[in-house]
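Below you'll find the structure, written out as structure tokens, and then a few comments.
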Amino acid sequence: MPEYCGTLISVNSLASAAENDEPCELQPGLVRALGRAVRADIRSASAIQVLALAVLIGWLAFEWGPGNEIAVPSTMMALLDRLDGVLALAVMPAAGFGLGFALQLVSGLIAAVGFSMLDNTARAAWLALRRWRQSGDPGDYLSMSWPARWGVSFLIGTTAVVLIQLFTTGEARVVRQLRPILISATLVAGTISGLALLVTIGVVIARRYPAAQPTVDRGVAVLANPLTWIVLLSVWLVVQQLVHLLRPSA
């Protein structure tokens, strides 16, 4: 399949090239055009946009790093440590949904506001993607199947959804990001709610047996401690690195 490309020196020339696709060799002008778009966005950004982008960088470190994986399970287990019976079965799924939805909604809005300064970059990237694909526009988050949406939202986060929308639609306005953000937040929240319900059912049933209750309570208390999750994640990362180092190269 031939690649669509050309000597593109500006967002306007990208638009013109997108209207008249011609197979050819990839030219470095495309990279220069995208670089100019990024510089133009940075120069024209307001102080609030720059601040939002700085906040976004910090949030990405939390969401894409270990922060999210430590905060959510430890918070949920701390709540379960204080609940039992029917009350736990009612509260835990609702709390899981509320916590997951709030975190992902905040995540998506921070990303949307922070990336809103990249209007020229988004437009240039979108037009470039059209050039690289022979059949129509690149698909955005809303065009994905529901399993694919869930995978992006739950495994990567709503910030990834915003990035997908930004660079596949060329639209950087916050208002145009609201629908995919809400869908992504709902998918993540529903998953956390379902997992919370399953764990709660297991704990509530185990607590009904006197012999098992002390062990279950100790286990819940240990999992409610953020240090436990820090240790677990650290061990997992070390194992991953060892597997990578010891695996024979293909």
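We label chains A, B, ... in the order they appear in the structure tokens, count residues from 1 in each chain, and number ligands from 1 in the order shown.
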Quiz prompt | Test item: residues at most 9 Å from Leu79 of chain A, only C-alpha atoms, excluding those fewer than 4 positions along its chain, as a list of chain:residue names | solution = A:Ser74, A:Thr75, A:Leu83, A:Ala88, A:Met92, A:Ala95, A:Ala224
Where does segment 30-123 of chain A meet segment 211-216 of chain A within 12 Å, residue by residue, with the nearest atom pair and distance in Å to one decimal for each, counting only C-alpha atoms, listed by chain and rising number, as CSV?
residue,atom,partner,partner_atom,distance
A:Met77,CA,A:Val216,CA,11.8
A:Leu80,CA,A:Val216,CA,11.2
A:Asp81,CA,A:Val216,CA,9.8
A:Asp84,CA,A:Gln213,CA,11.4
Exercise. For Pro66 of chain A, work out the shell of residues within 8 Å, counting only C-alpha atoms and skipping chain neighbours fewer than 4 positions away, then give it as a list in words.
Key: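 Contacts, with the query itself left out: Phe62, Ile70, Ile230 and Leu233 of chain A.
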Write to file, as a short mmCIF file (atom, residue, chain, number, x, y, z; two decimals), in the first residue's frame, the residues of the selection just made, with all heavy atoms.
data_model
loop_
_atom_site.label_atom_id
_atom_site.label_comp_id
_atom_site.auth_asym_id
_atom_site.auth_seq_id
_atom_site.Cartn_x
_atom_site.Cartn_y
_atom_site.Cartn_z
N PHE A 62 0.82 10.69 37.74
CA PHE A 62 -0.01 9.95 38.70
C PHE A 62 -0.79 8.84 38.00
O PHE A 62 -0.79 7.70 38.46
CB PHE A 62 -0.97 10.92 39.39
CG PHE A 62 -2.04 10.24 40.21
CD1 PHE A 62 -1.77 9.79 41.48
CD2 PHE A 62 -3.32 10.06 39.70
CE1 PHE A 62 -2.75 9.16 42.25
CE2 PHE A 62 -4.30 9.43 40.45
CZ PHE A 62 -4.01 8.99 41.72
N ILE A 70 -2.19 2.55 43.13
CA ILE A 70 -2.04 2.50 44.58
C ILE A 70 -3.25 3.13 45.26
O ILE A 70 -3.80 2.58 46.22
CB ILE A 70 -0.75 3.23 45.01
CG1 ILE A 70 0.48 2.48 44.49
CG2 ILE A 70 -0.68 3.38 46.53
CD1 ILE A 70 1.78 3.24 44.65
N ILE A 230 2.41 -0.50 47.04
CA ILE A 230 3.71 -0.03 46.56
C ILE A 230 4.68 -1.20 46.44
O ILE A 230 5.40 -1.35 45.44
CB ILE A 230 4.28 1.06 47.50
CG1 ILE A 230 3.42 2.32 47.43
CG2 ILE A 230 5.73 1.38 47.13
CD1 ILE A 230 3.83 3.39 48.43
N LEU A 233 3.55 -3.54 43.51
CA LEU A 233 3.88 -2.96 42.20
C LEU A 233 5.39 -2.99 41.96
O LEU A 233 5.84 -3.23 40.83
CB LEU A 233 3.35 -1.54 42.11
CG LEU A 233 1.84 -1.40 41.94
CD1 LEU A 233 1.41 0.07 42.07
CD2 LEU A 233 1.39 -1.93 40.58
#
Quiz item: Mind pulling up the distance from atom CA of Trp229 of chain A to atom CA of Val204 of chain A?
Solution: 22.1 Å
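Summary of the local environment: counting only C-alpha atoms, residues at most 12 Å from Ala54 of chain A, other than itself and those fewer than 2 positions away along its chain, are Ala47, Ile48, Gln49, Val50, Leu51, Ala52, Leu56, Ile57, Gly58, Trp59, Leu60, Ala61, Ile110, Ala111, Val113, Gly114, Phe115 and Met117 of chain A.
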Residues of the last selection are to be written out with all heavy atoms, as a short mmCIF file (atom, residue, chain, number, x, y, z; two decimals), in the first residue's frame.
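Final output, again-v5.cif:
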data_model
loop_
_atom_site.label_atom_id
_atom_site.label_comp_id
_atom_site.auth_asym_id
_atom_site.auth_seq_id
_atom_site.Cartn_x
_atom_site.Cartn_y
_atom_site.Cartn_z
N ALA A 47 -1.40 32.07 29.74
CA ALA A 47 -0.79 31.62 30.99
C ALA A 47 -1.60 30.50 31.61
O ALA A 47 -1.04 29.55 32.17
CB ALA A 47 -0.67 32.79 31.96
N ILE A 48 -2.94 30.58 31.50
CA ILE A 48 -3.80 29.54 32.07
C ILE A 48 -3.59 28.21 31.35
O ILE A 48 -3.56 27.15 31.96
CB ILE A 48 -5.28 29.97 31.99
CG1 ILE A 48 -5.53 31.17 32.91
CG2 ILE A 48 -6.20 28.82 32.37
CD1 ILE A 48 -6.94 31.69 32.86
N GLN A 49 -3.44 28.26 30.02
CA GLN A 49 -3.22 27.04 29.26
C GLN A 49 -1.89 26.41 29.61
O GLN A 49 -1.79 25.19 29.74
CB GLN A 49 -3.30 27.34 27.76
CG GLN A 49 -4.71 27.57 27.25
CD GLN A 49 -4.72 27.91 25.78
OE1 GLN A 49 -3.89 28.67 25.29
NE2 GLN A 49 -5.65 27.32 25.05
N VAL A 50 -0.85 27.24 29.77
CA VAL A 50 0.46 26.72 30.15
C VAL A 50 0.39 26.08 31.54
O VAL A 50 0.95 25.00 31.79
CB VAL A 50 1.52 27.83 30.13
CG1 VAL A 50 2.86 27.32 30.69
CG2 VAL A 50 1.71 28.34 28.70
N LEU A 51 -0.33 26.73 32.47
CA LEU A 51 -0.50 26.18 33.80
C LEU A 51 -1.26 24.86 33.74
O LEU A 51 -0.89 23.89 34.42
CB LEU A 51 -1.26 27.17 34.69
CG LEU A 51 -1.58 26.70 36.12
CD1 LEU A 51 -0.29 26.40 36.88
CD2 LEU A 51 -2.41 27.74 36.85
N ALA A 52 -2.32 24.81 32.91
CA ALA A 52 -3.08 23.57 32.76
C ALA A 52 -2.22 22.45 32.19
O ALA A 52 -2.34 21.29 32.60
CB ALA A 52 -4.29 23.81 31.86
N LEU A 56 -1.30 19.00 33.90
CA LEU A 56 -1.52 17.77 33.15
C LEU A 56 -0.32 16.85 33.24
O LEU A 56 -0.46 15.63 33.41
CB LEU A 56 -1.83 18.09 31.69
CG LEU A 56 -1.90 16.90 30.73
CD1 LEU A 56 -3.03 15.96 31.13
CD2 LEU A 56 -2.09 17.38 29.31
N ILE A 57 0.88 17.41 33.14
CA ILE A 57 2.09 16.59 33.22
C ILE A 57 2.17 15.88 34.57
O ILE A 57 2.48 14.69 34.66
CB ILE A 57 3.34 17.46 32.97
CG1 ILE A 57 3.35 17.96 31.52
CG2 ILE A 57 4.61 16.67 33.27
CD1 ILE A 57 4.43 18.98 31.23
N GLY A 58 1.86 16.63 35.63
CA GLY A 58 1.84 16.01 36.95
C GLY A 58 0.78 14.94 37.08
O GLY A 58 1.02 13.88 37.69
N TRP A 59 -0.39 15.20 36.49
CA TRP A 59 -1.46 14.21 36.56
C TRP A 59 -1.11 12.95 35.77
O TRP A 59 -1.44 11.84 36.17
CB TRP A 59 -2.77 14.81 36.05
CG TRP A 59 -3.92 13.88 36.23
CD1 TRP A 59 -4.43 13.01 35.31
CD2 TRP A 59 -4.71 13.69 37.41
NE1 TRP A 59 -5.48 12.30 35.83
CE2 TRP A 59 -5.68 12.70 37.12
CE3 TRP A 59 -4.70 14.27 38.67
CZ2 TRP A 59 -6.61 12.28 38.07
CZ3 TRP A 59 -5.63 13.86 39.61
CH2 TRP A 59 -6.57 12.87 39.30
N LEU A 60 -0.45 13.14 34.63
CA LEU A 60 -0.03 11.98 33.83
C LEU A 60 0.93 11.10 34.63
O LEU A 60 0.88 9.87 34.53
CB LEU A 60 0.63 12.44 32.53
CG LEU A 60 -0.30 12.98 31.44
CD1 LEU A 60 0.52 13.48 30.27
CD2 LEU A 60 -1.28 11.91 30.99
N ALA A 61 1.81 11.75 35.40
CA ALA A 61 2.74 10.97 36.24
C ALA A 61 1.97 10.14 37.26
O ALA A 61 2.36 9.02 37.58
CB ALA A 61 3.70 11.91 36.95
N ILE A 110 -8.75 17.59 32.85
CA ILE A 110 -7.40 18.17 32.93
C ILE A 110 -6.67 18.00 31.60
O ILE A 110 -6.02 18.91 31.10
CB ILE A 110 -6.60 17.51 34.07
CG1 ILE A 110 -7.15 17.96 35.43
CG2 ILE A 110 -5.11 17.87 33.97
CD1 ILE A 110 -6.48 17.28 36.61
N ALA A 111 -6.80 16.80 31.02
CA ALA A 111 -6.15 16.55 29.73
C ALA A 111 -6.74 17.43 28.64
O ALA A 111 -6.00 17.99 27.82
CB ALA A 111 -6.29 15.08 29.36
N VAL A 113 -8.27 20.37 28.89
CA VAL A 113 -7.87 21.76 29.05
C VAL A 113 -6.38 21.93 28.76
O VAL A 113 -5.97 22.88 28.08
CB VAL A 113 -8.20 22.25 30.48
CG1 VAL A 113 -7.64 23.64 30.71
CG2 VAL A 113 -9.70 22.25 30.71
N GLY A 114 -5.57 21.02 29.26
CA GLY A 114 -4.13 21.12 29.03
C GLY A 114 -3.76 21.00 27.57
O GLY A 114 -2.91 21.74 27.07
N PHE A 115 -4.41 20.09 26.86
CA PHE A 115 -4.10 19.89 25.45
C PHE A 115 -4.83 20.87 24.54
O PHE A 115 -4.60 20.87 23.33
CB PHE A 115 -4.45 18.47 25.02
CG PHE A 115 -3.52 17.42 25.58
CD1 PHE A 115 -4.03 16.26 26.12
CD2 PHE A 115 -2.15 17.60 25.55
CE1 PHE A 115 -3.18 15.29 26.64
CE2 PHE A 115 -1.30 16.64 26.06
CZ PHE A 115 -1.82 15.47 26.61
N MET A 117 -4.36 23.85 24.19
CA MET A 117 -3.41 24.79 23.60
C MET A 117 -2.78 24.24 22.32
O MET A 117 -2.07 24.96 21.62
CB MET A 117 -2.30 25.12 24.61
CG MET A 117 -1.40 23.96 24.96
SD MET A 117 -0.08 24.42 26.11
CE MET A 117 1.00 25.36 25.03
#
Exercise. To one decimal in Å, tell me the separation between atom CA of Leu155 of chain A and atom CA of Val188 of chain A.
Key: 9.0 Å
Practice problem: May I ask which of the residues A:Thr168, A:Gly65, A:Arg173, A:Thr159 is the closest one to Leu237 of chain A, counting only C-alpha atoms? | Solution: A:Gly65
Exercise. Find the spatial neighbours of Gly108 of chain A, counting only C-alpha atoms, within a cut-off of 10 Å - ignore same-chain residues fewer than 2 positions away - and output them as an MDAnalysis selection string.
Key: chainID A and resid 56 102:106 110:114 157:163 174 177:178 180:182 184:185
Quiz prompt | Interatomic distance (Å, one decimal) between atom CA of Phe154 of chain A and atom CA of Ala189 of chain A | solution = 8.9 Å
